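The next block holds one structure in the form of structure tokens; read it before the comments.
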Amino acid sequence: VRIRHPEIARGQYTALTFSNDKFGGFKVDYNGSTLFILHNTGEDEIVIDLSKYHAYEYNKIVEVIGFGQATLEGTTLTIAPKTSIIIKW
């Protein structure tokens, strides 16, 4: 994953906070590129409207890592338990 996305190893991280304590992540900026790395560490699927927390434009999921799947419809993210994703901005 780090080879495909050099932002992960070399970028500047900004923590993102959400109201669900089982969901969180980071905004990563590197060389004019931005990624969002988001994690569902809980036991249940989470459906979350990302626009309620941050005014970023979320483009598409480029990686899904973990035990389940994830979908992004506009700003609504559905992410399976124990799953992480990378969104390209």
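Residues are referred to by chain and number: the chain letter is A, B, ... according to the order shown in the structure tokens, the number counts from 1 in that chain, and ligands are numbered separately from 1 in the order shown.
Those residues in chain A carrying a DSSP assignment of alpha helix (DSSP H), computed from the backbone, are Glu7, Ile8, Ala9 and Arg10 of chain A.
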Those selected residues, please, written with N, CA and C atoms and delivered as an mmCIF file, in the first residue's frame.
data_model
loop_
_atom_site.group_PDB
_atom_site.id
_atom_site.type_symbol
_atom_site.label_atom_id
_atom_site.label_comp_id
_atom_site.auth_asym_id
_atom_site.auth_seq_id
_atom_site.Cartn_x
_atom_site.Cartn_y
_atom_site.Cartn_z
ATOM 1 N N GLU A 7 2.236 9.089 -0.189
ATOM 2 C CA GLU A 7 1.765 10.041 0.830
ATOM 3 C C GLU A 7 1.798 9.421 2.225
ATOM 4 N N ILE A 8 1.529 8.115 2.297
ATOM 5 C CA ILE A 8 1.453 7.434 3.599
ATOM 6 C C ILE A 8 2.793 7.496 4.325
ATOM 7 N N ALA A 9 3.868 7.257 3.621
ATOM 8 C CA ALA A 9 5.190 7.236 4.255
ATOM 9 C C ALA A 9 5.806 8.621 4.390
ATOM 10 N N ARG A 10 5.490 9.514 3.464
ATOM 11 C CA ARG A 10 6.203 10.790 3.413
ATOM 12 C C ARG A 10 5.358 12.009 3.757
#
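Minimum atom-to-atom distance to Arg4 in chain A, evaluated using only C-alpha atoms, belongs to A:Ile86 out of A:Ala80, A:Val47, A:Ala55, A:Ile86.
You can rank A:Thr78, A:Gln12, A:Ser19, A:Asn31 by their closest distance to Ile61 in chain A using only C-alpha atoms, and at the top of that list sits A:Thr78.
Minimum distance to Asn59 in chain A across A:Ile37, A:Trp89, A:Lys27, A:Gly42 (counting only C-alpha atoms) occurs at A:Trp89.
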**Fill in**
re CA of Lys22 in chain A and CA of Thr41 in chain A: distance 5.2 Å
